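Down below is the structure, laid out as structure tokens.
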Amino acid sequence: MTNYVDLPDSSIRNELDADTELRLYAAMRNFWHPVMYAEELGDDPEGVVLLGEELVLARMDGEVRCFRDLCCHRGAALSLGWNEGNQLRCLYHGWTYGVDGVCTSIPARFGTRIPTRARLQAFHTREATGLIWVCLAEQPLFDVPEFAEHDNPEFKVLRGPFYDWRTSAHRRLENFMDFAHFAYVHDGVLGSSDDPEVPEHDVWKATDSELAFHRSVKEPIEGLTGYESDDPLIDVDYTYRLTMPISIHFDRHYLPGEARYVLFLACSPVGPKHVRSFWFLARNYALDTDDQEFLDFERFVQEQDRPVVESQRPEMLPYDLTAELHVRAADKVSVAYRRWLVELTNELNPT
């Protein structure tokens with residue numbers, strides 16, 4: 001009996017061109033992605049980059065607006081300008097734009113006649129779960145991912161500093177839900193090299209946009225900040241909800257009892273090989289413990305992962321499922337994830 005997941009034989013798979021991995025990346029325009037922590041956008045416009053697009057965010061008329069960071073007059077960056085009431089003013093020649101992106105004034109020109117082409121390209125924008133989300137397509141395929149603990153008074157929520165990795169957003173997310181690496185990359189912290197086997201676990205489509213999976217593990221007590229026990233290994237239920245394509249909600253439930261530690265990660269594809277990760281922690285126990293201890297622990301784990309993930313080649317997740325080997329059980333989640341990514345990509349951009 002083979003240990004590998006059954007996939008189509010490479011001899012009969014479709015011939016794919018040299019840019020085929022870019023299909024997964026291009027399909028990302030159809031989804032919501034985080035571009036900034038909501039608290040970090042003040043009164044002045046801010047420039048961000050999403051999927052290679054330079055964008056400007058501005059609070060106008062009580063809401064966050066997003067436009068291409070490009071004045072339609074001479075192409076200057078609007079993020080260098082400022083807000084005037086509900087107007088966004090360009091630094092270069094002082095043109096102003098309203099909340100709909102339409103030019104409202106041209107200071108160097110007398111009269112009120114403004115060319116109909118004098119308007120900015122606007123994009124869907126949403127402020128939710130402590131983040132500003134943007135979609136570059138005409139209509140987002142799925143809704144913004146849920147993070148219920150963010151507004152639950154029973155939980156203490158911490159916002160972690162975003163971090164950038166030199167890899168694709170898909171590679172970063174797949175690393176987050178890869179069970180087999182815990183025993184080696186995080187030996188003595190999240191797993192043990194003395195017990196590396198990944199047992200069978202459930203993986204299922206929970207909703208039209210969510211992939212869910214669950215497993216029970218034993219975590220070393222020394223790796224659990226703020227949790228006390230006389231046992232060296234603690235029983236923990238792991239429940240993951242992956243909102244397609246690159247956001248994930250991870251709920252650790254320490255047993256016995258009701259203590260829960262939630263990590264919410266939302267990846268932003270800045271470019272094909274550049275990912276920015278936004279993340280929050282939420283816990284309902286050890287509320288008097290120094291918050292920095294929890295943040296420092298997660299940063300420690302992230303830095304254990306970073307050099308490994310940045311070393312992966314190709315940096316972009318292969319579109320062809322047979323391009324890499326897959327081990328049964330251990331890679332069950334990532335295979336389900338990759339298959340769904342390919343299905344969505346084919347639906348959005350059929351060949």
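A note on labels: chains of the structure tokens are A, B, ... as shown, every chain counts residues from 1, and ligands are counted from 1 in their shown order.
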
Could the residues of segment 132-214 of chain A that have an atom at most 12 Å from segment 55-65 of chain A be listed as CSV, each with its closest atom pair and the distance in Å to one decimal, counting only C-alpha atoms and ordered by chain and ascending residue number?
residue,atom,partner,partner_atom,distance
A:Ile132,CA,A:Val64,CA,7.9
A:Trp133,CA,A:Val64,CA,9.7
A:Val134,CA,A:Arg65,CA,9.4
A:Cys135,CA,A:Leu55,CA,11.3
A:Leu136,CA,A:Leu55,CA,10.2

Generate a file of the selected residues that holds all heavy atoms, formatted as an mmCIF file, in the first residue's frame.
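So result-v1.cif came out as:
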data_model
loop_
_atom_site.group_PDB
_atom_site.id
_atom_site.type_symbol
_atom_site.label_atom_id
_atom_site.label_comp_id
_atom_site.auth_asym_id
_atom_site.auth_seq_id
_atom_site.Cartn_x
_atom_site.Cartn_y
_atom_site.Cartn_z
ATOM 1 N N ILE A 132 -8.374 46.604 7.255
ATOM 2 C CA ILE A 132 -8.947 47.191 6.048
ATOM 3 C C ILE A 132 -8.730 46.189 4.922
ATOM 4 O O ILE A 132 -7.599 45.777 4.655
ATOM 5 C CB ILE A 132 -8.292 48.539 5.713
ATOM 6 C CG1 ILE A 132 -8.583 49.549 6.825
ATOM 7 C CG2 ILE A 132 -8.808 49.069 4.378
ATOM 8 C CD1 ILE A 132 -7.821 50.848 6.689
ATOM 9 N N TRP A 133 -9.837 45.793 4.304
ATOM 10 C CA TRP A 133 -9.815 44.777 3.248
ATOM 11 C C TRP A 133 -10.112 45.433 1.902
ATOM 12 O O TRP A 133 -10.927 46.345 1.814
ATOM 13 C CB TRP A 133 -10.868 43.700 3.518
ATOM 14 C CG TRP A 133 -10.730 42.999 4.834
ATOM 15 C CD1 TRP A 133 -11.115 43.466 6.062
ATOM 16 C CD2 TRP A 133 -10.160 41.703 5.061
ATOM 17 N NE1 TRP A 133 -10.833 42.538 7.032
ATOM 18 C CE2 TRP A 133 -10.248 41.448 6.453
ATOM 19 C CE3 TRP A 133 -9.598 40.741 4.223
ATOM 20 C CZ2 TRP A 133 -9.776 40.266 7.021
ATOM 21 C CZ3 TRP A 133 -9.132 39.559 4.778
ATOM 22 C CH2 TRP A 133 -9.214 39.328 6.166
ATOM 23 N N VAL A 134 -9.464 44.921 0.864
ATOM 24 C CA VAL A 134 -9.659 45.441 -0.486
ATOM 25 C C VAL A 134 -9.829 44.277 -1.448
ATOM 26 O O VAL A 134 -9.168 43.237 -1.311
ATOM 27 C CB VAL A 134 -8.463 46.317 -0.921
ATOM 28 C CG1 VAL A 134 -8.565 46.704 -2.395
ATOM 29 C CG2 VAL A 134 -8.368 47.573 -0.057
ATOM 30 N N CYS A 135 -10.721 44.449 -2.416
ATOM 31 C CA CYS A 135 -10.870 43.486 -3.515
ATOM 32 C C CYS A 135 -10.693 44.250 -4.820
ATOM 33 O O CYS A 135 -11.318 45.291 -5.028
ATOM 34 C CB CYS A 135 -12.230 42.791 -3.477
ATOM 35 S SG CYS A 135 -12.486 41.646 -4.861
ATOM 36 N N LEU A 136 -9.874 43.723 -5.722
ATOM 37 C CA LEU A 136 -9.565 44.404 -6.975
ATOM 38 C C LEU A 136 -10.506 44.031 -8.116
ATOM 39 O O LEU A 136 -10.456 44.661 -9.182
ATOM 40 C CB LEU A 136 -8.119 44.106 -7.394
ATOM 41 C CG LEU A 136 -7.033 44.527 -6.402
ATOM 42 C CD1 LEU A 136 -5.646 44.181 -6.953
ATOM 43 C CD2 LEU A 136 -7.120 46.010 -6.081
#

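Non-sequential neighbours of segment 71-87 of chain A (distance at most 8 Å, separation of 3 or more positions within a chain, only C-alpha atoms) are Asp43, Asp44, Pro45, Glu46, Gly47, Val56, Leu57, Ala58, Met60, Asp61, Cys90, Leu91, Tyr92, Thr96, Tyr97, Gly98, Val99, Ala118, Arg119 and Leu120 of chain A.
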
Generate the output file for the selected residues, all heavy atoms, as a compact mmCIF listing (two decimals), in the first residue's frame.
# COMPACT_ATOMS: atom_id res chain seq x y z
N ASP A 43 -5.85 60.39 9.63
CA ASP A 43 -6.51 61.41 8.83
C ASP A 43 -5.88 61.57 7.45
O ASP A 43 -6.53 62.03 6.51
CB ASP A 43 -6.46 62.76 9.55
CG ASP A 43 -7.26 62.76 10.85
OD1 ASP A 43 -8.23 61.98 10.92
OD2 ASP A 43 -6.90 63.52 11.76
N ASP A 44 -4.61 61.20 7.31
CA ASP A 44 -3.92 61.36 6.03
C ASP A 44 -4.02 60.10 5.19
O ASP A 44 -4.09 58.99 5.73
CB ASP A 44 -2.44 61.70 6.26
CG ASP A 44 -2.26 63.04 6.94
OD1 ASP A 44 -3.04 63.96 6.64
OD2 ASP A 44 -1.33 63.17 7.77
N PRO A 45 -4.02 60.25 3.87
CA PRO A 45 -4.06 59.06 3.00
C PRO A 45 -2.78 58.24 3.15
O PRO A 45 -1.73 58.77 3.51
CB PRO A 45 -4.17 59.66 1.59
CG PRO A 45 -3.66 61.05 1.72
CD PRO A 45 -4.00 61.50 3.10
N GLU A 46 -2.89 56.95 2.89
CA GLU A 46 -1.75 56.04 3.01
C GLU A 46 -1.66 55.19 1.75
O GLU A 46 -2.66 54.71 1.22
CB GLU A 46 -1.91 55.12 4.22
CG GLU A 46 -1.86 55.83 5.56
CD GLU A 46 -0.44 56.20 5.99
OE1 GLU A 46 0.51 55.74 5.31
OE2 GLU A 46 -0.31 56.94 6.98
N GLY A 47 -0.43 54.97 1.29
CA GLY A 47 -0.21 54.11 0.14
C GLY A 47 0.04 52.67 0.57
O GLY A 47 0.72 52.42 1.57
N VAL A 56 -4.13 53.77 -2.86
CA VAL A 56 -4.17 54.76 -1.80
C VAL A 56 -5.45 54.56 -1.00
O VAL A 56 -6.52 54.34 -1.56
CB VAL A 56 -4.10 56.21 -2.36
CG1 VAL A 56 -5.25 56.51 -3.30
CG2 VAL A 56 -4.06 57.23 -1.22
N LEU A 57 -5.31 54.58 0.32
CA LEU A 57 -6.44 54.48 1.24
C LEU A 57 -6.67 55.84 1.88
O LEU A 57 -5.72 56.54 2.23
CB LEU A 57 -6.16 53.46 2.34
CG LEU A 57 -5.84 52.02 1.92
CD1 LEU A 57 -5.46 51.21 3.16
CD2 LEU A 57 -7.01 51.39 1.20
N ALA A 58 -7.93 56.21 2.04
CA ALA A 58 -8.26 57.48 2.68
C ALA A 58 -9.60 57.37 3.39
O ALA A 58 -10.53 56.71 2.89
CB ALA A 58 -8.31 58.61 1.64
N MET A 60 -12.87 59.03 4.11
CA MET A 60 -13.64 60.10 3.51
C MET A 60 -15.11 59.86 3.78
O MET A 60 -15.61 58.75 3.58
CB MET A 60 -13.39 60.15 1.99
CG MET A 60 -11.91 60.29 1.61
SD MET A 60 -11.61 60.05 -0.16
CE MET A 60 -12.42 61.51 -0.83
N ASP A 61 -15.79 60.87 4.27
CA ASP A 61 -17.22 60.78 4.55
C ASP A 61 -17.53 59.63 5.50
O ASP A 61 -18.52 58.92 5.35
CB ASP A 61 -18.01 60.64 3.24
CG ASP A 61 -19.49 60.94 3.42
OD1 ASP A 61 -19.82 61.67 4.37
OD2 ASP A 61 -20.31 60.45 2.61
N CYS A 90 -4.42 66.19 -4.46
CA CYS A 90 -3.12 65.77 -4.99
C CYS A 90 -2.07 66.83 -4.67
O CYS A 90 -2.30 68.04 -4.86
CB CYS A 90 -3.21 65.56 -6.49
SG CYS A 90 -1.64 65.10 -7.26
N LEU A 91 -0.90 66.40 -4.22
CA LEU A 91 0.17 67.32 -3.86
C LEU A 91 0.72 68.07 -5.08
O LEU A 91 1.13 69.23 -4.97
CB LEU A 91 1.30 66.55 -3.18
CG LEU A 91 2.61 67.31 -2.90
CD1 LEU A 91 2.37 68.44 -1.91
CD2 LEU A 91 3.68 66.36 -2.38
N TYR A 92 0.72 67.41 -6.25
CA TYR A 92 1.44 67.97 -7.40
C TYR A 92 0.80 69.25 -7.94
O TYR A 92 1.43 70.30 -8.01
CB TYR A 92 1.53 66.90 -8.49
CG TYR A 92 2.62 67.12 -9.52
CD1 TYR A 92 3.58 68.12 -9.38
CD2 TYR A 92 2.69 66.31 -10.65
CE1 TYR A 92 4.57 68.31 -10.32
CE2 TYR A 92 3.68 66.48 -11.60
CZ TYR A 92 4.63 67.48 -11.43
OH TYR A 92 5.61 67.66 -12.36
N THR A 96 -8.51 67.93 -6.78
CA THR A 96 -9.21 67.25 -5.69
C THR A 96 -10.20 66.24 -6.27
O THR A 96 -10.71 66.40 -7.38
CB THR A 96 -9.98 68.24 -4.80
OG1 THR A 96 -10.90 68.99 -5.59
CG2 THR A 96 -9.01 69.18 -4.09
N TYR A 97 -10.45 65.20 -5.46
CA TYR A 97 -11.35 64.12 -5.87
C TYR A 97 -12.32 63.84 -4.74
O TYR A 97 -11.95 63.86 -3.56
CB TYR A 97 -10.54 62.86 -6.19
CG TYR A 97 -9.55 63.03 -7.32
CD1 TYR A 97 -8.25 63.46 -7.07
CD2 TYR A 97 -9.92 62.78 -8.64
CE1 TYR A 97 -7.33 63.63 -8.09
CE2 TYR A 97 -9.01 62.95 -9.69
CZ TYR A 97 -7.73 63.38 -9.40
OH TYR A 97 -6.82 63.55 -10.44
N GLY A 98 -13.57 63.53 -5.09
CA GLY A 98 -14.59 63.22 -4.11
C GLY A 98 -14.58 61.77 -3.71
O GLY A 98 -13.74 60.97 -4.15
N VAL A 99 -15.55 61.40 -2.88
CA VAL A 99 -15.61 60.04 -2.35
C VAL A 99 -15.82 58.99 -3.43
O VAL A 99 -15.49 57.81 -3.25
CB VAL A 99 -16.72 59.92 -1.29
CG1 VAL A 99 -16.39 60.79 -0.08
CG2 VAL A 99 -18.08 60.29 -1.87
N ALA A 118 -11.66 62.76 -15.91
CA ALA A 118 -10.93 63.12 -14.70
C ALA A 118 -11.56 62.42 -13.50
O ALA A 118 -12.33 62.99 -12.72
CB ALA A 118 -10.95 64.64 -14.51
N ARG A 119 -11.24 61.16 -13.34
CA ARG A 119 -11.75 60.37 -12.24
C ARG A 119 -10.75 59.26 -11.92
O ARG A 119 -9.99 58.81 -12.77
CB ARG A 119 -13.13 59.79 -12.55
CG ARG A 119 -13.18 58.85 -13.73
CD ARG A 119 -14.60 58.47 -14.11
NE ARG A 119 -15.34 57.97 -12.98
CZ ARG A 119 -16.58 58.35 -12.68
NH1 ARG A 119 -17.21 59.24 -13.44
NH2 ARG A 119 -17.21 57.86 -11.62
N LEU A 120 -10.78 58.82 -10.68
CA LEU A 120 -9.87 57.78 -10.20
C LEU A 120 -10.53 56.41 -10.32
O LEU A 120 -11.76 56.29 -10.27
CB LEU A 120 -9.51 58.02 -8.73
CG LEU A 120 -8.95 59.40 -8.37
CD1 LEU A 120 -8.74 59.49 -6.86
CD2 LEU A 120 -7.66 59.67 -9.11

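Atom to atom, atom CA of Ala122 of chain A and atom CA of Trp32 of chain A stand 14.5 Å apart.
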
For a quick check of understanding, using only C-alpha atoms, which of A:Arg166, A:His150, A:His124, A:Arg113 has the smallest distance to Asp100 of chain A?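 For Asp100 of chain A, the nearest of the given residues is A:His124.
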
What are the DSSP strand (DSSP E or B) residues of segment 29-151 of chain A, as a PyMOL selection string? chain A and resi 33-37+46-50+53-60+63-68+82-84+87-89+96-97+102-105+119+122-128+131-135

Mind writing the picked residues with C-alpha atoms as a tab-separated table (two decimals), in the first residue's frame?
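This went into part23.tsv:
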chain	number	residue	atom	x	y	z
A	33	HIS	CA	-7.36	40.77	1.11
A	34	PRO	CA	-6.13	42.79	4.11
A	35	VAL	CA	-3.89	45.75	3.29
A	36	MET	CA	-3.59	47.59	6.62
A	37	TYR	CA	-4.59	47.46	10.27
A	46	GLU	CA	-1.75	56.04	3.01
A	47	GLY	CA	-0.21	54.11	0.14
A	48	VAL	CA	-0.33	50.29	0.08
A	49	VAL	CA	0.44	47.60	-2.49
A	50	LEU	CA	-1.82	44.64	-3.28
A	53	GLU	CA	-1.15	47.40	-7.65
A	54	GLU	CA	-0.18	50.65	-5.94
A	55	LEU	CA	-3.24	51.86	-4.03
A	56	VAL	CA	-4.17	54.76	-1.80
A	57	LEU	CA	-6.44	54.48	1.24
A	58	ALA	CA	-8.26	57.48	2.68
A	59	ARG	CA	-10.97	58.06	5.28
A	60	MET	CA	-13.64	60.10	3.51
A	63	GLU	CA	-15.70	55.42	5.46
A	64	VAL	CA	-12.45	54.04	4.09
A	65	ARG	CA	-12.05	54.53	0.35
A	66	CYS	CA	-9.51	52.89	-1.92
A	67	PHE	CA	-8.28	54.17	-5.29
A	68	ARG	CA	-5.40	53.50	-7.62
A	82	TRP	CA	-3.93	65.00	2.01
A	83	ASN	CA	-7.61	65.02	2.96
A	84	GLU	CA	-9.65	68.20	2.91
A	87	GLN	CA	-11.92	65.62	-0.72
A	88	LEU	CA	-8.59	63.99	-1.54
A	89	ARG	CA	-6.11	66.58	-2.78
A	96	THR	CA	-9.21	67.25	-5.69
A	97	TYR	CA	-11.35	64.12	-5.87
A	102	VAL	CA	-14.55	61.97	-9.53
A	103	CYS	CA	-12.44	65.11	-9.86
A	104	THR	CA	-14.13	68.07	-8.17
A	105	SER	CA	-11.67	70.90	-8.83
A	119	ARG	CA	-11.75	60.37	-12.24
A	122	ALA	CA	-11.96	52.92	-7.22
A	123	PHE	CA	-11.91	49.48	-5.59
A	124	HIS	CA	-14.15	47.64	-3.12
A	125	THR	CA	-13.10	48.43	0.45
A	126	ARG	CA	-14.31	47.07	3.79
A	127	GLU	CA	-13.29	47.78	7.38
A	128	ALA	CA	-13.84	44.66	9.50
A	131	LEU	CA	-8.39	45.29	9.28
A	132	ILE	CA	-8.95	47.19	6.05
A	133	TRP	CA	-9.82	44.78	3.25
A	134	VAL	CA	-9.66	45.44	-0.49
A	135	CYS	CA	-10.87	43.49	-3.51

Would you please extract all alpha helix (DSSP H) residues from segment 163-350 of chain A, as assigned by DSSP on the backbone, and give them as a PyMOL selection string? chain A and resi 169-176+182-185+291-311+332-348

Atom pair atom CA of Ala148 of chain A + atom CA of Asp251 of chain A, distance 11.4 Å

Interface rows for segment 147-194 of chain A against segment 322-327 of chain A: nearest pair, Å to one decimal, 12 Å, only C-alpha atoms, as JSON lines:
{"residue": "A:Asp178", "atom": "CA", "partner": "A:Val327", "partner_atom": "CA", "distance": 11.8}
{"residue": "A:Phe179", "atom": "CA", "partner": "A:Val327", "partner_atom": "CA", "distance": 11.8}
{"residue": "A:Ala180", "atom": "CA", "partner": "A:Val327", "partner_atom": "CA", "distance": 10.0}

Pull all heavy atoms from the residues just selected and write them as a short mmCIF file (atom, residue, chain, number, x, y, z; two decimals), in the first residue's frame.
data_model
loop_
_atom_site.label_atom_id
_atom_site.label_comp_id
_atom_site.auth_asym_id
_atom_site.auth_seq_id
_atom_site.Cartn_x
_atom_site.Cartn_y
_atom_site.Cartn_z
N ASP A 178 0.57 23.20 8.20
CA ASP A 178 1.33 21.98 7.94
C ASP A 178 1.65 21.30 9.27
O ASP A 178 2.48 21.77 10.05
CB ASP A 178 2.62 22.34 7.19
CG ASP A 178 3.47 21.13 6.86
OD1 ASP A 178 3.98 20.49 7.79
OD2 ASP A 178 3.63 20.84 5.67
N PHE A 179 1.00 20.18 9.54
CA PHE A 179 1.18 19.50 10.82
C PHE A 179 2.55 18.82 10.95
O PHE A 179 3.11 18.74 12.04
CB PHE A 179 0.09 18.44 11.01
CG PHE A 179 -1.29 19.01 11.13
CD1 PHE A 179 -2.39 18.28 10.66
CD2 PHE A 179 -1.52 20.25 11.70
CE1 PHE A 179 -3.68 18.79 10.77
CE2 PHE A 179 -2.80 20.76 11.81
CZ PHE A 179 -3.88 20.03 11.34
N ALA A 180 3.09 18.32 9.84
CA ALA A 180 4.29 17.49 9.91
C ALA A 180 5.54 18.27 10.30
O ALA A 180 6.52 17.67 10.78
CB ALA A 180 4.51 16.78 8.56
#

Closest-contact table, segment 101-175 of chain A side, partner segment 279-301 of chain A, 7 Å, counting only C-alpha atoms, as CSV:
residue,atom,partner,partner_atom,distance
A:Glu149,CA,A:Ala282,CA,6.6
A:Glu154,CA,A:Asn284,CA,6.0
A:Phe155,CA,A:Asn284,CA,4.6
A:Lys156,CA,A:Ala282,CA,5.4
A:Val157,CA,A:Ala282,CA,4.3
A:Leu158,CA,A:Leu281,CA,5.0
A:Arg159,CA,A:Phe280,CA,4.6
A:Gly160,CA,A:Trp279,CA,5.5
A:Phe162,CA,A:Trp279,CA,6.8

Leaving out Arg171 of chain A and any residue of its chain fewer than 5 positions from it, which residues lie within 10 Å of it when counting only C-alpha atoms, given as a PyMOL selection string? chain A and resi 176+246+273+275+309-310+312-318

Output file for the selection above: N, CA, C and O atoms, as a PDB file, in the first residue's frame:
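The resulting file, out.pdb, is reproduced below:
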ATOM      1  N   PHE A 176       1.479  27.426   7.685  1.00  0.00           N
ATOM      2  CA  PHE A 176       0.741  27.610   8.932  1.00  0.00           C
ATOM      3  C   PHE A 176      -0.070  26.374   9.296  1.00  0.00           C
ATOM      4  O   PHE A 176      -0.237  26.059  10.477  1.00  0.00           O
ATOM      5  N   ILE A 246      -6.661  32.697   1.444  1.00  0.00           N
ATOM      6  CA  ILE A 246      -5.420  32.819   2.222  1.00  0.00           C
ATOM      7  C   ILE A 246      -5.629  33.487   3.586  1.00  0.00           C
ATOM      8  O   ILE A 246      -4.818  34.299   4.017  1.00  0.00           O
ATOM      9  N   LYS A 273       5.785  36.952  -5.184  1.00  0.00           N
ATOM     10  CA  LYS A 273       6.750  36.337  -4.279  1.00  0.00           C
ATOM     11  C   LYS A 273       7.005  37.228  -3.070  1.00  0.00           C
ATOM     12  O   LYS A 273       8.113  37.283  -2.542  1.00  0.00           O
ATOM     13  N   VAL A 275       4.745  38.270   0.481  1.00  0.00           N
ATOM     14  CA  VAL A 275       3.520  38.182   1.267  1.00  0.00           C
ATOM     15  C   VAL A 275       3.668  39.001   2.540  1.00  0.00           C
ATOM     16  O   VAL A 275       4.730  39.005   3.180  1.00  0.00           O
ATOM     17  N   VAL A 309      10.498  28.513   4.959  1.00  0.00           N
ATOM     18  CA  VAL A 309       9.517  28.801   3.909  1.00  0.00           C
ATOM     19  C   VAL A 309      10.143  29.648   2.805  1.00  0.00           C
ATOM     20  O   VAL A 309       9.887  29.425   1.618  1.00  0.00           O
ATOM     21  N   GLU A 310      10.990  30.596   3.174  1.00  0.00           N
ATOM     22  CA  GLU A 310      11.637  31.424   2.154  1.00  0.00           C
ATOM     23  C   GLU A 310      12.616  30.627   1.299  1.00  0.00           C
ATOM     24  O   GLU A 310      12.973  31.059   0.197  1.00  0.00           O
ATOM     25  N   GLN A 312      11.907  27.613   0.107  1.00  0.00           N
ATOM     26  CA  GLN A 312      11.156  26.717  -0.773  1.00  0.00           C
ATOM     27  C   GLN A 312      11.206  27.196  -2.220  1.00  0.00           C
ATOM     28  O   GLN A 312      11.083  28.377  -2.507  1.00  0.00           O
ATOM     29  N   ARG A 313      11.364  26.242  -3.127  1.00  0.00           N
ATOM     30  CA  ARG A 313      11.355  26.513  -4.559  1.00  0.00           C
ATOM     31  C   ARG A 313      10.416  25.534  -5.258  1.00  0.00           C
ATOM     32  O   ARG A 313      10.461  24.348  -4.965  1.00  0.00           O
ATOM     33  N   PRO A 314       9.592  26.033  -6.158  1.00  0.00           N
ATOM     34  CA  PRO A 314       9.450  27.448  -6.499  1.00  0.00           C
ATOM     35  C   PRO A 314       8.772  28.206  -5.364  1.00  0.00           C
ATOM     36  O   PRO A 314       8.060  27.627  -4.549  1.00  0.00           O
ATOM     37  N   GLU A 315       8.979  29.515  -5.338  1.00  0.00           N
ATOM     38  CA  GLU A 315       8.361  30.319  -4.286  1.00  0.00           C
ATOM     39  C   GLU A 315       6.848  30.285  -4.380  1.00  0.00           C
ATOM     40  O   GLU A 315       6.152  30.332  -3.371  1.00  0.00           O
ATOM     41  N   MET A 316       6.349  30.194  -5.599  1.00  0.00           N
ATOM     42  CA  MET A 316       4.907  30.141  -5.808  1.00  0.00           C
ATOM     43  C   MET A 316       4.423  28.704  -5.732  1.00  0.00           C
ATOM     44  O   MET A 316       5.095  27.786  -6.191  1.00  0.00           O
ATOM     45  N   LEU A 317       3.266  28.505  -5.142  1.00  0.00           N
ATOM     46  CA  LEU A 317       2.700  27.170  -5.007  1.00  0.00           C
ATOM     47  C   LEU A 317       2.440  26.580  -6.389  1.00  0.00           C
ATOM     48  O   LEU A 317       1.833  27.246  -7.239  1.00  0.00           O
ATOM     49  N   PRO A 318       2.900  25.369  -6.668  1.00  0.00           N
ATOM     50  CA  PRO A 318       2.681  24.785  -7.999  1.00  0.00           C
ATOM     51  C   PRO A 318       1.194  24.627  -8.313  1.00  0.00           C
ATOM     52  O   PRO A 318       0.427  24.136  -7.488  1.00  0.00           O
TER      53      PRO A 318
END

To one decimal place, how far is atom CA of Asp235 of chain A from atom CA of Tyr261 of chain A in Å? 13.4 Å

Give me, as a ChimeraX atom specification, all polymer residues having an atom no more than 7 Å from segment 142-146 of chain A, counting only C-alpha atoms and skipping those fewer than 5 positions away in the same chain. /A:31-32,209,243,247

Which one is closest to Met28 of chain A: A:Ser311, A:Thr167, A:Asn349, A:Ala183? Count only C-alpha atoms.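 Closest to Met28 of chain A, using only C-alpha atoms: A:Asn349.
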
Of the residues A:Phe264, A:Phe110, A:Tyr337, A:Tyr319, which is the one nearest to Phe213 of chain A, using only C-alpha atoms?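 So, comparing all the options, the nearest one is A:Tyr337.
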
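Considering the residues A:Gly188, A:Trp95, A:Val198, A:Asp151 and counting only C-alpha atoms, Val333 of chain A has its shortest atom-to-atom contact with A:Val198.
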
From A:Leu348, A:Leu211, A:Ala266, A:Ile234, residue lying nearest Lys332 of chain A [only C-alpha atoms]: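 Closest to Lys332 of chain A, using only C-alpha atoms: A:Leu211.
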
Please list as JSON, numbers by chain every residue within 6 Å of Arg241 of chain A, counting only C-alpha atoms and excluding residues in the same chain fewer than 3 positions away. {"A": [211, 212, 248, 249]}

For the residues in that selection, give me C-alpha atoms as a PDB file, in the first residue's frame.
ATOM      1  CA  LEU A 211     -12.088  24.448   4.524  1.00  0.00           C
ATOM      2  CA  ALA A 212     -12.130  23.056   8.070  1.00  0.00           C
ATOM      3  CA  ILE A 248      -7.152  31.197   8.573  1.00  0.00           C
ATOM      4  CA  HIS A 249      -8.689  31.010  12.057  1.00  0.00           C
TER       5      HIS A 249
END
